[in-house]
Every structure is written in structure tokens, then in C-alpha cells.
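Data file: final_1.cif. Format and content: mmCIF, C-alpha atoms (C1' of nucleotides).
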data_structure
loop_
_atom_site.label_atom_id
_atom_site.label_comp_id
_atom_site.auth_asym_id
_atom_site.auth_seq_id
_atom_site.Cartn_x
_atom_site.Cartn_y
_atom_site.Cartn_z
CA MET B 1 0.00 0.00 0.00
CA THR B 2 1.43 3.38 -0.99
CA ILE B 3 1.60 6.38 1.30
CA LYS B 4 -1.12 8.01 -0.74
CA GLU B 5 -3.51 5.13 -0.20
CA VAL B 6 -2.76 5.00 3.49
CA CYS B 7 -3.26 8.70 4.03
CA GLU B 8 -6.51 8.67 2.06
CA LYS B 9 -7.77 5.67 4.00
CA TYR B 10 -7.13 7.34 7.33
CA ARG B 11 -7.65 10.96 6.35
CA ILE B 12 -4.27 12.04 7.58
CA SER B 13 -1.56 13.84 5.61
CA GLN B 14 1.47 12.22 4.01
CA ASP B 15 3.60 14.61 6.00
CA THR B 16 2.10 13.38 9.24
CA LEU B 17 2.67 9.78 8.22
CA ARG B 18 6.32 10.48 7.42
CA TYR B 19 6.66 12.50 10.60
CA TYR B 20 5.27 9.61 12.65
CA GLU B 21 7.84 7.33 11.12
CA ARG B 22 10.66 9.81 11.68
CA VAL B 23 9.98 10.24 15.38
CA GLY B 24 9.13 6.58 16.01
CA VAL B 25 5.36 6.72 16.45
CA ILE B 26 5.47 3.93 13.88
CA PRO B 27 8.55 1.79 13.10
CA ALA B 28 10.38 2.01 9.77
CA VAL B 29 7.95 1.20 6.99
CA HIS B 30 8.73 -1.43 4.34
CA ARG B 31 10.14 0.02 1.08
CA THR B 32 10.19 -0.99 -2.60
CA LYS B 33 13.55 -1.31 -4.39
CA ASN B 34 13.10 2.35 -5.37
CA ASN B 35 12.97 3.42 -1.75
CA ILE B 36 9.27 4.07 -1.92
CA ARG B 37 7.17 3.29 1.16
CA ASP B 38 5.04 0.19 0.68
CA TYR B 39 2.97 -0.31 3.82
CA THR B 40 2.51 -3.94 4.85
CA ASP B 41 -0.33 -5.16 7.06
CA GLN B 42 1.89 -4.80 10.08
CA ASP B 43 2.78 -1.26 9.07
CA ILE B 44 -0.90 -0.50 8.67
CA ALA B 45 -1.63 -2.02 12.06
CA CYS B 46 0.93 0.30 13.60
CA VAL B 47 -0.53 3.29 11.81
CA GLU B 48 -3.98 2.42 13.10
CA ASN B 49 -2.73 1.99 16.60
CA ALA B 50 -0.95 5.32 16.44
CA ILE B 51 -3.98 7.17 15.09
CA CYS B 52 -6.28 5.66 17.69
CA MET B 53 -3.97 6.55 20.55
CA ARG B 54 -3.46 10.07 19.25
CA ASN B 55 -7.21 10.48 18.78
CA ALA B 56 -7.62 9.70 22.45
CA GLY B 57 -5.11 12.42 23.28
CA VAL B 58 -2.16 10.18 24.15
CA PRO B 59 1.01 12.24 23.67
CA VAL B 60 3.28 11.32 20.77
CA GLU B 61 6.12 10.58 23.20
CA MET B 62 4.04 7.89 24.88
CA VAL B 63 3.09 6.19 21.62
CA VAL B 64 6.77 6.16 20.74
CA GLU B 65 7.59 4.49 24.04
CA TYR B 66 4.97 1.84 23.47
CA MET B 67 6.25 1.13 19.96
CA LYS B 68 9.78 0.79 21.27
CA LEU B 69 8.61 -1.81 23.76
CA CYS B 70 6.72 -3.68 21.05
CA GLN B 71 9.88 -3.89 18.99
CA GLN B 72 11.89 -5.22 21.90
CA GLY B 73 10.13 -8.55 22.07
CA ASP B 74 8.50 -10.79 24.64
CA GLU B 75 10.31 -9.63 27.76
CA THR B 76 8.46 -6.31 27.58
CA PHE B 77 4.93 -7.67 28.07
CA LEU B 78 4.79 -6.38 31.62
CA ALA B 79 6.13 -2.97 30.71
CA ARG B 80 3.65 -2.72 27.84
CA ARG B 81 0.77 -3.67 30.07
CA ASP B 82 1.82 -1.07 32.63
CA LEU B 83 2.17 1.61 29.97
CA LEU B 84 -1.25 0.82 28.55
CA ARG B 85 -2.74 0.88 32.04
CA GLU B 86 -1.27 4.31 32.53
CA VAL B 87 -2.68 5.45 29.21
CA ARG B 88 -6.07 4.01 30.11
CA ASP B 89 -6.14 5.73 33.49
CA GLY B 90 -5.32 9.02 31.82
CA ILE B 91 -8.13 8.59 29.32
CA VAL B 92 -10.61 7.63 32.02
CA LYS B 93 -9.74 10.82 33.91
CA GLN B 94 -10.08 12.88 30.77
CA ILE B 95 -13.49 11.38 30.02
CA GLU B 96 -14.65 12.12 33.56
CA LYS B 97 -13.46 15.70 33.23
CA CYS B 98 -15.32 16.11 29.95
CA GLN B 99 -18.46 14.57 31.39
CA ARG B 100 -18.54 17.05 34.23
CA GLU B 101 -18.14 19.91 31.79
CA LEU B 102 -20.90 18.36 29.73
CA GLU B 103 -23.29 18.56 32.68
CA ARG B 104 -22.38 22.20 33.22
CA LEU B 105 -23.02 22.89 29.58
CA GLU B 106 -26.38 21.14 29.48
CA TYR B 107 -27.46 23.21 32.45
CA LYS B 108 -26.30 26.45 30.87
CA ILE B 109 -27.85 25.67 27.51
CA GLU B 110 -31.12 24.93 29.22
CA ARG B 111 -30.98 28.31 30.97
CA TYR B 112 -30.28 30.05 27.73
CA GLU B 113 -33.23 28.28 26.08
CA THR B 114 -35.44 29.80 28.75
CA ALA B 115 -33.67 33.15 28.45
CA VAL B 116 -34.27 33.24 24.72
CA GLU B 117 -37.99 32.81 25.37
CA THR B 118 -38.41 35.07 28.38
CA GLY B 119 -35.71 37.58 27.45
CA GLU B 120 -34.26 37.20 30.93
CA LEU B 121 -31.39 35.05 32.08
CA VAL B 122 -31.96 33.52 35.50
CA TRP B 123 -29.51 31.41 37.46
CA ASP B 124 -30.03 29.60 40.71
CA ARG B 125 -27.24 31.78 41.97
CA THR B 126 -26.91 34.96 40.02
CA PHE B 127 -23.76 36.64 38.80
CA SER B 128 -23.80 39.71 36.68
CA LEU B 129 -21.29 38.62 34.11
CA GLU B 130 -20.62 34.92 33.93
CA PRO B 131 -22.78 32.73 36.09
CA GLU B 132 -21.64 29.46 37.60
CA THR B 133 -23.94 27.45 39.75
CA GLU B 134 -21.71 24.44 39.77
CA MET B 135 -18.78 26.16 41.44
CA ALA B 136 -18.33 23.43 43.99
CA ALA B 137 -18.38 20.74 41.32
CA CYS B 138 -15.89 22.68 39.28
CA GLU B 139 -13.47 23.21 42.13
CA GLU B 140 -13.74 19.53 42.82
CA ASN B 141 -12.75 18.79 39.24
CA ILE B 142 -9.72 20.91 39.61
CA SER B 143 -8.64 19.65 43.01
CA GLU B 144 -8.84 16.04 41.88
CA GLU B 145 -6.51 16.73 39.06
CA LYS B 146 -3.00 16.93 40.42
CA VAL B 147 -3.55 15.41 43.85
CA MET N 1 -8.72 37.71 46.21
CA THR N 2 -5.14 38.13 45.04
CA ILE N 3 -3.69 36.42 41.99
CA LYS N 4 -1.69 34.21 44.30
CA GLU N 5 -4.75 32.95 46.09
CA VAL N 6 -6.59 32.34 42.86
CA CYS N 7 -3.76 30.42 41.26
CA GLU N 8 -3.28 28.32 44.39
CA LYS N 9 -6.97 27.62 44.59
CA TYR N 10 -7.11 26.40 41.01
CA ARG N 11 -3.59 25.01 40.66
CA ILE N 12 -2.82 27.13 37.67
CA SER N 13 0.10 29.52 37.23
CA GLN N 14 -0.05 33.29 37.67
CA ASP N 15 1.30 33.59 34.17
CA THR N 16 -1.59 31.59 32.81
CA LEU N 17 -4.10 33.74 34.69
CA ARG N 18 -2.55 36.92 33.31
CA TYR N 19 -2.37 35.37 29.88
CA TYR N 20 -6.06 34.47 30.03
CA GLU N 21 -6.87 38.05 30.90
CA ARG N 22 -4.62 39.41 28.19
CA VAL N 23 -6.20 37.39 25.41
CA GLY N 24 -9.77 37.71 26.70
CA VAL N 25 -10.43 34.25 28.09
CA ILE N 26 -11.50 36.24 31.14
CA PRO N 27 -12.47 39.92 31.08
CA ALA N 28 -10.37 42.61 32.78
CA VAL N 29 -10.05 41.76 36.44
CA HIS N 30 -10.86 44.29 39.18
CA ARG N 31 -7.79 46.15 40.55
CA THR N 32 -6.83 47.86 43.81
CA LYS N 33 -5.76 51.51 43.71
CA ASN N 34 -2.19 50.19 43.31
CA ASN N 35 -3.10 48.41 40.13
CA ILE N 36 -2.97 45.01 41.77
CA ARG N 37 -5.45 42.38 40.63
CA ASP N 38 -8.18 41.79 43.22
CA TYR N 39 -10.48 39.08 41.89
CA THR N 40 -14.14 39.60 42.69
CA ASP N 41 -16.69 36.79 42.77
CA GLN N 42 -17.57 37.53 39.16
CA ASP N 43 -13.92 37.41 38.20
CA ILE N 44 -13.60 34.08 39.98
CA ALA N 45 -16.70 32.79 38.23
CA CYS N 46 -15.10 33.67 34.90
CA VAL N 47 -11.87 31.98 35.87
CA GLU N 48 -13.75 28.84 36.82
CA ASN N 49 -15.69 28.85 33.63
CA ALA N 50 -12.51 29.27 31.64
CA ILE N 51 -10.70 26.48 33.44
CA CYS N 52 -13.62 24.10 33.06
CA MET N 53 -13.95 24.78 29.36
CA ARG N 54 -10.22 24.46 28.80
CA ASN N 55 -10.19 21.22 30.81
CA ALA N 56 -12.73 19.84 28.42
CA GLY N 57 -10.47 20.77 25.51
CA VAL N 58 -12.40 23.81 24.28
CA PRO N 59 -9.95 26.02 22.37
CA VAL N 60 -8.97 29.34 23.92
CA GLU N 61 -10.40 31.19 20.93
CA MET N 62 -13.84 29.73 21.60
CA VAL N 63 -13.80 30.65 25.27
CA VAL N 64 -12.84 34.18 24.24
CA GLU N 65 -15.79 34.32 21.86
CA TYR N 66 -18.17 33.18 24.57
CA MET N 67 -16.82 35.77 27.00
CA LYS N 68 -17.25 38.49 24.43
CA LEU N 69 -20.89 37.51 23.98
CA CYS N 70 -21.41 37.49 27.74
CA GLN N 71 -20.10 41.03 27.94
CA GLN N 72 -22.38 42.23 25.17
CA GLY N 73 -25.59 41.78 27.15
CA ASP N 74 -29.01 40.26 26.71
CA GLU N 75 -29.29 40.35 22.96
CA THR N 76 -26.65 37.61 22.70
CA PHE N 77 -28.57 34.86 24.50
CA LEU N 78 -29.25 33.04 21.28
CA ALA N 79 -25.68 33.31 20.09
CA ARG N 80 -24.40 32.09 23.43
CA ARG N 81 -26.75 29.14 23.42
CA ASP N 82 -25.62 28.22 19.92
CA LEU N 83 -21.97 28.52 20.84
CA LEU N 84 -22.44 26.34 23.91
CA ARG N 85 -24.32 23.79 21.83
CA GLU N 86 -21.42 23.65 19.44
CA VAL N 87 -19.01 23.23 22.33
CA ARG N 88 -21.18 20.49 23.78
CA ASP N 89 -21.36 18.60 20.51
CA GLY N 90 -17.61 18.74 20.21
CA ILE N 91 -17.15 17.36 23.71
CA VAL N 92 -19.65 14.57 23.11
CA LYS N 93 -17.69 13.53 20.02
CA GLN N 94 -14.42 13.67 21.93
CA ILE N 95 -15.84 11.50 24.71
CA GLU N 96 -17.08 8.95 22.17
CA LYS N 97 -13.67 8.84 20.55
CA CYS N 98 -11.99 8.29 23.90
CA GLN N 99 -14.47 5.60 24.88
CA ARG N 100 -13.72 3.61 21.76
CA GLU N 101 -10.00 3.83 22.46
CA LEU N 102 -10.74 2.79 26.03
CA GLU N 103 -12.33 -0.43 24.79
CA ARG N 104 -9.34 -1.17 22.62
CA LEU N 105 -7.06 -0.57 25.56
CA GLU N 106 -9.00 -2.81 27.94
CA TYR N 107 -8.81 -5.58 25.39
CA LYS N 108 -5.08 -5.15 24.92
CA ILE N 109 -4.36 -4.90 28.61
CA GLU N 110 -6.29 -8.11 29.15
CA ARG N 111 -4.22 -9.83 26.47
CA TYR N 112 -1.03 -8.64 28.06
CA GLU N 113 -2.20 -9.91 31.47
CA THR N 114 -2.47 -13.36 29.91
CA ALA N 115 0.80 -12.92 28.07
CA VAL N 116 2.61 -12.07 31.29
CA GLU N 117 1.35 -15.35 32.75
CA THR N 118 1.80 -17.64 29.77
CA GLY N 119 4.81 -15.88 28.27
CA GLU N 120 3.02 -15.80 24.95
CA LEU N 121 1.05 -13.00 23.40
CA VAL N 122 -2.00 -14.25 21.55
CA TRP N 123 -4.41 -12.14 19.52
CA ASP N 124 -7.60 -13.15 17.83
CA ARG N 125 -5.89 -12.05 14.68
CA THR N 126 -2.16 -12.18 14.94
CA PHE N 127 0.35 -9.60 13.75
CA SER N 128 4.00 -9.94 14.40
CA LEU N 129 4.70 -6.45 15.56
CA GLU N 130 1.75 -4.45 16.73
CA PRO N 131 -1.51 -6.32 16.81
CA GLU N 132 -4.86 -4.76 16.10
CA THR N 133 -8.00 -6.81 16.26
CA GLU N 134 -10.34 -3.87 16.22
CA MET N 135 -9.33 -2.61 12.81
CA ALA N 136 -12.89 -2.13 11.63
CA ALA N 137 -13.87 -0.20 14.73
CA CYS N 138 -10.82 1.95 14.41
CA GLU N 139 -11.38 2.75 10.78
CA GLU N 140 -14.91 3.65 11.66
CA ASN N 141 -13.64 6.10 14.28
CA ILE N 142 -11.48 7.75 11.77
CA SER N 143 -14.05 7.96 9.02
CA GLU N 144 -16.58 9.58 11.29
CA GLU N 145 -14.18 12.32 12.18
CA LYS N 146 -14.06 14.74 9.32
CA VAL N 147 -17.11 13.66 7.38
"C1'" DA L 1 12.40 12.77 -25.58
"C1'" DT L 2 10.16 15.15 -22.48
"C1'" DA L 3 6.79 16.18 -19.41
"C1'" DC L 4 4.43 14.90 -15.38
"C1'" DA L 5 2.73 12.53 -11.35
"C1'" DG L 6 4.12 10.83 -7.34
"C1'" DG L 7 7.60 9.81 -4.03
"C1'" DC L 8 11.98 10.93 -1.30
"C1'" DT L 9 14.93 13.71 2.31
"C1'" DG L 10 16.37 17.35 5.45
"C1'" DG L 11 15.33 21.21 7.47
"C1'" DA L 12 12.68 25.29 8.31
"C1'" DG L 13 8.15 27.27 9.54
"C1'" DT L 14 3.55 27.41 11.96
"C1'" DG L 15 -0.13 27.85 15.46
"C1'" DA L 16 -1.76 27.01 19.92
"C1'" DA L 17 -1.12 27.62 24.61
"C1'" DC L 18 1.44 28.67 27.61
"C1'" DT L 19 6.02 30.09 30.24
"C1'" DC L 20 9.82 32.85 31.41
"C1'" DA L 21 12.72 36.93 32.07
"C1'" DA L 22 13.86 41.77 32.59
"C1'" DA L 23 12.90 45.86 34.57
"C1'" DG L 24 10.01 48.48 37.29
"C1'" DT L 25 6.38 49.74 41.33
"C1'" DC L 26 4.86 49.56 45.88
"C1'" DA L 27 3.93 48.51 50.93
"C1'" DA L 28 5.48 46.44 55.02
"C1'" DG L 29 9.06 45.10 58.18
"C1'" DT L 30 13.84 46.01 60.60
"C1'" DA A 1 16.70 54.27 54.89
"C1'" DC A 2 16.81 50.01 53.07
"C1'" DT A 3 15.68 45.40 52.05
"C1'" DT A 4 12.34 42.01 50.98
"C1'" DG A 5 8.70 40.08 48.62
"C1'" DA A 6 4.71 40.26 45.95
"C1'" DC A 7 3.00 42.37 42.38
"C1'" DT A 8 3.14 44.90 37.56
"C1'" DT A 9 4.05 45.09 32.17
"C1'" DT A 10 6.15 43.97 27.79
"C1'" DG A 11 8.01 41.02 24.95
"C1'" DA A 12 10.57 37.08 23.99
"C1'" DG A 13 11.09 31.94 24.40
"C1'" DT A 14 9.37 27.13 24.68
"C1'" DT A 15 6.89 22.90 23.69
"C1'" DC A 16 4.05 20.10 21.04
"C1'" DA A 17 2.47 18.28 16.92
"C1'" DC A 18 2.46 18.86 12.94
"C1'" DT A 19 3.05 21.27 8.07
"C1'" DC A 20 5.46 23.16 4.35
"C1'" DC A 21 9.16 23.70 1.09
"C1'" DA A 22 13.22 23.11 -1.95
"C1'" DG A 23 15.61 20.15 -4.49
"C1'" DC A 24 16.11 15.66 -6.03
"C1'" DC A 25 14.72 10.81 -8.14
"C1'" DT A 26 12.05 7.63 -11.02
"C1'" DG A 27 8.49 5.19 -13.68
"C1'" DT A 28 4.80 5.97 -17.02
"C1'" DA A 29 2.23 8.42 -20.75
"C1'" DT A 30 2.28 11.38 -25.08
#

So that I can check it, write out the structure of this file as C-alpha cells.
Amino acid sequence: MTIKEVCEKYRISQDTLRYYERVGVIPAVHRTKNNIRDYTDQDIACVENAICMRNAGVPVEMVVEYMKLCQQGDETFLARRDLLREVRDGIVKQIEKCQRELERLEYKIERYETAVETGELVWDRTFSLEPETEMAACEENISEEKV
Amino acid sequence: MTIKEVCEKYRISQDTLRYYERVGVIPAVHRTKNNIRDYTDQDIACVENAICMRNAGVPVEMVVEYMKLCQQGDETFLARRDLLREVRDGIVKQIEKCQRELERLEYKIERYETAVETGELVWDRTFSLEPETEMAACEENISEEKV
DNA sequence: ATACAGGCTGGAGTGAACTCAAAGTCAAGT
DNA sequence: ACTTGACTTTGAGTTCACTCCAGCCTGTAT
């Protein structure tokens, strides 16, 4: 599979694909005799893994680490599991954070629906400029973060 | 409330707080006669809103837009609602993306648990280097993105 | 034969979101 | 009076994750 086909399949640029290879997000891709990239199934699998991890917000550096472990063979199973657990925990936290913001948003949108109808914006606890009724919840979010 | 207290309360740097003010993520903060920032409850509410939105991955530019609307008064209720809806939809998509990656991860971690015990890594569909059994799901993720 | 499409490399440039540093102000403590 | 420490501004620097570009190669079509 050529780079063009791969980047069309996954809607990512050729530059990104080459960049991923350069920095180790994916291992060196198979080449034709003319030095042209010819992605094998394994190469594709790596690309998919990389894209999925990046989509979930995993930093490039971490994907690189994981790939390095994969290339080092069987004695890295434990390390790989631990790395993936770490990644998973990070994603879980991120999802929780987003879900709390989602609740805030739903509440606000609802208020604005009413405001659009009545012409008046009312909050359970009123602020002149930017109202937050979920202050406590928000602070909680923040405190949980780095503790 | 001084900048120090605010940044300690929210575990964010003074520089970030000043930066947020500079670019409009939060409106101009109240000052003492000596030109020192003295955050009022409204200011704090704005800071909280900003942090929550940023935590959920909302771009700075979008928070700025929302703040501008808030400062323009009642005739922007509709615009604010629409903006928040857009933000919400984006977050929902992001959460879905993360949840799919989470499933992939749980599956992989499970496989590695077994591999650590048996010394052999087995996948439903085996690849030598980096195994992906959820190819279809992953491709789906990607296709949904920009369409 | 020559144009052209598509690929290659190395290195520089970009945009977002901070982050830091220099130089100055000000109030309180010794 | 002087030092200390917390604050101020302006503007430059950093990090991350791409993204673009110049200059080169090569196989195929006209």
C-alpha cells in the first residue's frame, strides 16, 4: 500500500505519516527497491494503533515508548501492560473531566433556552457577568486533578 | 482575592491567569488603587468557567468568543446558546472517541495480562509487531471524524 | 524525448497555549 | 533608609504536533 492510499484511508496527511515514522510513532515502513514506502499489514496495524492513541489524546512521546517496547520482544509484556494501564487511566480521567463539563453545559444551555424565550437570564445563583452554579463541582474537578 | 490565592486555589500559574486576561479568556479583572489584581466573585466565576472549558479541551479562541458575547448583554442569549451547543457537541464527540479507544485498551491490557502469565502473546488475529484486532472499529472512528 | 505525477529527504516554519525573564512599582518590616 | 517580597508590564522563548518547502529521483504516458 502506498503512502497516498494510506493517508486517504485514514484521512491524515502524508507529512504526518512520514513524521510519525521519523519520530518513532510507527517503526520504519517497508520500502520498494526504489525506496518508496510500501505499507505492509503490520505497518498499517501500527498506523492504526498510532492514530487511535493520538485520537484519544495520548502524547506522541508515549506512543513512541509503546512502539519501542513492542519492537523489543517478549520480555516487555509487563512494561507494555503497565504503559497501557497508565494510558487508560489518563483517558478515564479525561473522560470524567469532559463529562462534568458536559453537565455544566447542558445546564447552561437549558438556561439560555429559557432566556431566549423570556428575554431574561436567570440562574439559581446569580452573577452579573458569567454565572456558575456548579462552582463546587468545578473546584472539585480541579482539586482532583494533580492530587 | 489576590492572583496568588486564585492560582493556588485552582492550581494554575499566575502567568496563565494573566495570559487568560490578556487574550480575553476572562475579562479585565478588578484592581486595587495600586493596580494590583483583586479578583471579585464575578472574576472568579469567569476563571472557573474558563478552566472548566479548557479542561474539556475547548480552544482558547472559543472561550474568548463566549466571554465576548457574555459582555455584550441580553441580545446575545441566542448566540451564546448556539456557541455552547457547538461546544457540547464537540465534547460529546471527543468523549465517544476516547471511549472507543478505552475499549481497545482494555482488550489489549487483558491480552497482556495473559501474556505475562503464559509468556506468549496471543491475539484473535495475529500480527508480528503491533496487533490490532479492532481494525474495523478503528477505521470507523477515523471515518466519522471529518465527514 | 520530455513532461508529469508521485515519491523521497532534510530542514525550516507554523499555530496554539502557555512560560519565562527583565525591569520596574509599591507597601510592610527592621 | 533600606531590604524584601509580591505584584506589575512587555516582549521574547518554549513545547508540542504537525506542516510546508526546496531540491532531487524515477516510472509511465504522449

May I ask you to extract the residues of chain B within 12 Å of chain L, using all atoms listed in the file, and to give them as a tab-separated table (two decimals) with C-alpha atoms, keeping the file's coordinate frame?
chain	number	residue	atom	x	y	z
B	2	THR	CA	1.43	3.38	-0.99
B	3	ILE	CA	1.60	6.38	1.30
B	4	LYS	CA	-1.12	8.01	-0.74
B	5	GLU	CA	-3.51	5.13	-0.20
B	14	GLN	CA	1.47	12.22	4.01
B	15	ASP	CA	3.60	14.61	6.00
B	18	ARG	CA	6.32	10.48	7.42
B	19	TYR	CA	6.66	12.50	10.60
B	22	ARG	CA	10.66	9.81	11.68
B	31	ARG	CA	10.14	0.02	1.08
B	32	THR	CA	10.19	-0.99	-2.60
B	34	ASN	CA	13.10	2.35	-5.37
B	35	ASN	CA	12.97	3.42	-1.75
B	36	ILE	CA	9.27	4.07	-1.92
B	37	ARG	CA	7.17	3.29	1.16
B	38	ASP	CA	5.04	0.19	0.68

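The interatomic distance for the pair atom CA of Val92 of chain B and atom CA of Met62 of chain B works out to 16.3 Å.
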
I'm after chain N in the frame of chain B: fit it by least squares over all Cα atoms matched in order, and give me the output as a short mmCIF file (atom, residue, chain, number, x, y, z; two decimals) with C-alpha atoms, in the coordinates of the input.
data_model
loop_
_atom_site.label_atom_id
_atom_site.label_comp_id
_atom_site.auth_asym_id
_atom_site.auth_seq_id
_atom_site.Cartn_x
_atom_site.Cartn_y
_atom_site.Cartn_z
CA MET N 1 -0.20 0.25 0.05
CA THR N 2 1.25 3.61 -0.92
CA ILE N 3 1.47 6.58 1.41
CA LYS N 4 -1.26 8.24 -0.59
CA GLU N 5 -3.66 5.39 -0.06
CA VAL N 6 -2.89 5.21 3.62
CA CYS N 7 -3.35 8.91 4.21
CA GLU N 8 -6.61 8.92 2.26
CA LYS N 9 -7.85 5.92 4.15
CA TYR N 10 -7.19 7.54 7.51
CA ARG N 11 -7.70 11.19 6.57
CA ILE N 12 -4.31 12.20 7.80
CA SER N 13 -1.60 14.03 5.85
CA GLN N 14 1.41 12.41 4.20
CA ASP N 15 3.57 14.75 6.21
CA THR N 16 2.08 13.47 9.43
CA LEU N 17 2.65 9.86 8.38
CA ARG N 18 6.29 10.58 7.56
CA TYR N 19 6.64 12.54 10.76
CA TYR N 20 5.25 9.63 12.77
CA GLU N 21 7.80 7.35 11.17
CA ARG N 22 10.62 9.80 11.73
CA VAL N 23 9.99 10.17 15.44
CA GLY N 24 9.12 6.51 16.04
CA VAL N 25 5.36 6.66 16.52
CA ILE N 26 5.44 3.91 13.90
CA PRO N 27 8.50 1.80 13.08
CA ALA N 28 10.30 2.03 9.73
CA VAL N 29 7.84 1.26 6.98
CA HIS N 30 8.57 -1.33 4.28
CA ARG N 31 9.95 0.15 1.02
CA THR N 32 9.99 -0.83 -2.66
CA LYS N 33 13.34 -1.16 -4.43
CA ASN N 34 12.92 2.52 -5.38
CA ASN N 35 12.80 3.54 -1.76
CA ILE N 36 9.09 4.25 -1.89
CA ARG N 37 7.01 3.46 1.18
CA ASP N 38 4.84 0.37 0.68
CA TYR N 39 2.82 -0.16 3.84
CA THR N 40 2.34 -3.79 4.80
CA ASP N 41 -0.50 -5.02 7.01
CA GLN N 42 1.77 -4.71 10.03
CA ASP N 43 2.66 -1.17 9.05
CA ILE N 44 -1.02 -0.38 8.70
CA ALA N 45 -1.74 -1.94 12.07
CA CYS N 46 0.87 0.34 13.61
CA VAL N 47 -0.58 3.36 11.88
CA GLU N 48 -4.02 2.51 13.18
CA ASN N 49 -2.75 2.01 16.66
CA ALA N 50 -0.96 5.33 16.53
CA ILE N 51 -3.97 7.21 15.24
CA CYS N 52 -6.26 5.68 17.83
CA MET N 53 -3.93 6.51 20.68
CA ARG N 54 -3.39 10.04 19.42
CA ASN N 55 -7.15 10.47 18.99
CA ALA N 56 -7.55 9.65 22.62
CA GLY N 57 -5.00 12.34 23.49
CA VAL N 58 -2.07 10.05 24.30
CA PRO N 59 1.12 12.08 23.82
CA VAL N 60 3.37 11.18 20.90
CA GLU N 61 6.21 10.40 23.30
CA MET N 62 4.12 7.71 24.98
CA VAL N 63 3.14 6.07 21.71
CA VAL N 64 6.82 6.02 20.78
CA GLU N 65 7.66 4.31 24.05
CA TYR N 66 5.02 1.67 23.48
CA MET N 67 6.27 1.02 19.95
CA LYS N 68 9.79 0.64 21.21
CA LEU N 69 8.63 -1.98 23.70
CA CYS N 70 6.71 -3.80 20.98
CA GLN N 71 9.86 -4.00 18.89
CA GLN N 72 11.90 -5.37 21.77
CA GLY N 73 10.08 -8.70 21.93
CA ASP N 74 8.49 -10.94 24.50
CA GLU N 75 10.34 -9.84 27.58
CA THR N 76 8.50 -6.50 27.49
CA PHE N 77 4.97 -7.84 28.00
CA LEU N 78 4.87 -6.60 31.55
CA ALA N 79 6.20 -3.19 30.65
CA ARG N 80 3.72 -2.88 27.82
CA ARG N 81 0.83 -3.86 30.05
CA ASP N 82 1.91 -1.28 32.61
CA LEU N 83 2.25 1.42 29.99
CA LEU N 84 -1.18 0.66 28.58
CA ARG N 85 -2.65 0.71 32.07
CA GLU N 86 -1.18 4.13 32.60
CA VAL N 87 -2.59 5.29 29.29
CA ARG N 88 -5.98 3.86 30.19
CA ASP N 89 -6.04 5.57 33.56
CA GLY N 90 -5.23 8.86 31.92
CA ILE N 91 -8.05 8.46 29.42
CA VAL N 92 -10.53 7.51 32.13
CA LYS N 93 -9.64 10.70 34.01
CA GLN N 94 -9.96 12.76 30.84
CA ILE N 95 -13.39 11.29 30.12
CA GLU N 96 -14.54 12.06 33.67
CA LYS N 97 -13.35 15.62 33.33
CA CYS N 98 -15.20 16.03 30.05
CA GLN N 99 -18.36 14.49 31.46
CA ARG N 100 -18.45 16.99 34.30
CA GLU N 101 -18.05 19.85 31.85
CA LEU N 102 -20.79 18.27 29.75
CA GLU N 103 -23.20 18.50 32.69
CA ARG N 104 -22.34 22.13 33.22
CA LEU N 105 -22.92 22.80 29.55
CA GLU N 106 -26.29 21.05 29.43
CA TYR N 107 -27.41 23.13 32.37
CA LYS N 108 -26.26 26.36 30.76
CA ILE N 109 -27.73 25.53 27.39
CA GLU N 110 -31.04 24.81 29.07
CA ARG N 111 -30.92 28.18 30.81
CA TYR N 112 -30.20 29.92 27.56
CA GLU N 113 -33.12 28.11 25.89
CA THR N 114 -35.38 29.67 28.52
CA ALA N 115 -33.62 33.00 28.22
CA VAL N 116 -34.19 33.08 24.47
CA GLU N 117 -37.91 32.62 25.12
CA THR N 118 -38.37 34.91 28.10
CA GLY N 119 -35.68 37.43 27.18
CA GLU N 120 -34.26 37.08 30.66
CA LEU N 121 -31.39 34.96 31.83
CA VAL N 122 -32.01 33.46 35.24
CA TRP N 123 -29.56 31.39 37.26
CA ASP N 124 -30.08 29.62 40.53
CA ARG N 125 -27.35 31.86 41.79
CA THR N 126 -27.04 35.02 39.81
CA PHE N 127 -23.87 36.70 38.59
CA SER N 128 -23.95 39.72 36.42
CA LEU N 129 -21.40 38.67 33.88
CA GLU N 130 -20.68 34.99 33.67
CA PRO N 131 -22.81 32.82 35.88
CA GLU N 132 -21.61 29.65 37.51
CA THR N 133 -23.92 27.61 39.66
CA GLU N 134 -21.71 24.57 39.76
CA MET N 135 -18.82 26.25 41.52
CA ALA N 136 -18.35 23.45 44.02
CA ALA N 137 -18.34 20.79 41.33
CA CYS N 138 -15.88 22.77 39.32
CA GLU N 139 -13.51 23.34 42.18
CA GLU N 140 -13.68 19.66 42.88
CA ASN N 141 -12.66 18.92 39.29
CA ILE N 142 -9.70 21.12 39.62
CA SER N 143 -8.56 19.84 42.98
CA GLU N 144 -8.64 16.26 41.83
CA GLU N 145 -6.36 17.03 38.95
CA LYS N 146 -2.86 17.33 40.28
CA VAL N 147 -3.30 15.80 43.70
#

### Task
Enter the distance from atom C1' of DC24 of chain A to atom CA of Ile12 of chain B, in Å, rounded to one decimal.
24.8 Å

### Task
Hey, list the chain N side of the contact with chain B: 7 Å cut-off, all atoms listed in the file, answer as an NGL selection string.
:N and (10 or 42 or 45-46 or 48 or 52-53 or 55-56 or 70-71 or 77-78 or 81 or 84-85 or 88 or 91 or 95 or 97-98 or 101-102 or 105 or 109 or 112 or 115-116 or 127 or 129-132 or 138 or 142)

#### Entry: Expected selection from the PyMOL selection byres ((chain A) within 9 of (chain N)), given as a ChimeraX atom specification
/A:6-8

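Between atom CA of Val29 of chain B and atom CA of Glu65 of chain B the interatomic distance comes to 17.4 Å.
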
What are the centre and edge lengths in Å, to one decimal, of the axis-aligned box around all listed atoms of segment 76-90 of chain B with 8 Å added on each side, as JSON?
{"center_x": 1.2, "center_y": 0.7, "center_z": 30.5, "size_x": 30.6, "size_y": 32.7, "size_z": 21.9}

### Message
Quick check on the file I pasted: which residues fall under the PyMOL selection byres ((chain A and resi 18) around 8)? Write them as number ranges by chain.
### Response
B: 16, 19; A: 17, 19

Residue selection dump (C-alpha atoms (C1' of nucleotides)) as a CSV table (one decimal), in the frame of the given file:
chain,number,residue,atom,x,y,z
B,16,THR,CA,2.1,13.4,9.2
B,19,TYR,CA,6.7,12.5,10.6
A,17,DA,C1',2.5,18.3,16.9
A,19,DT,C1',3.0,21.3,8.1
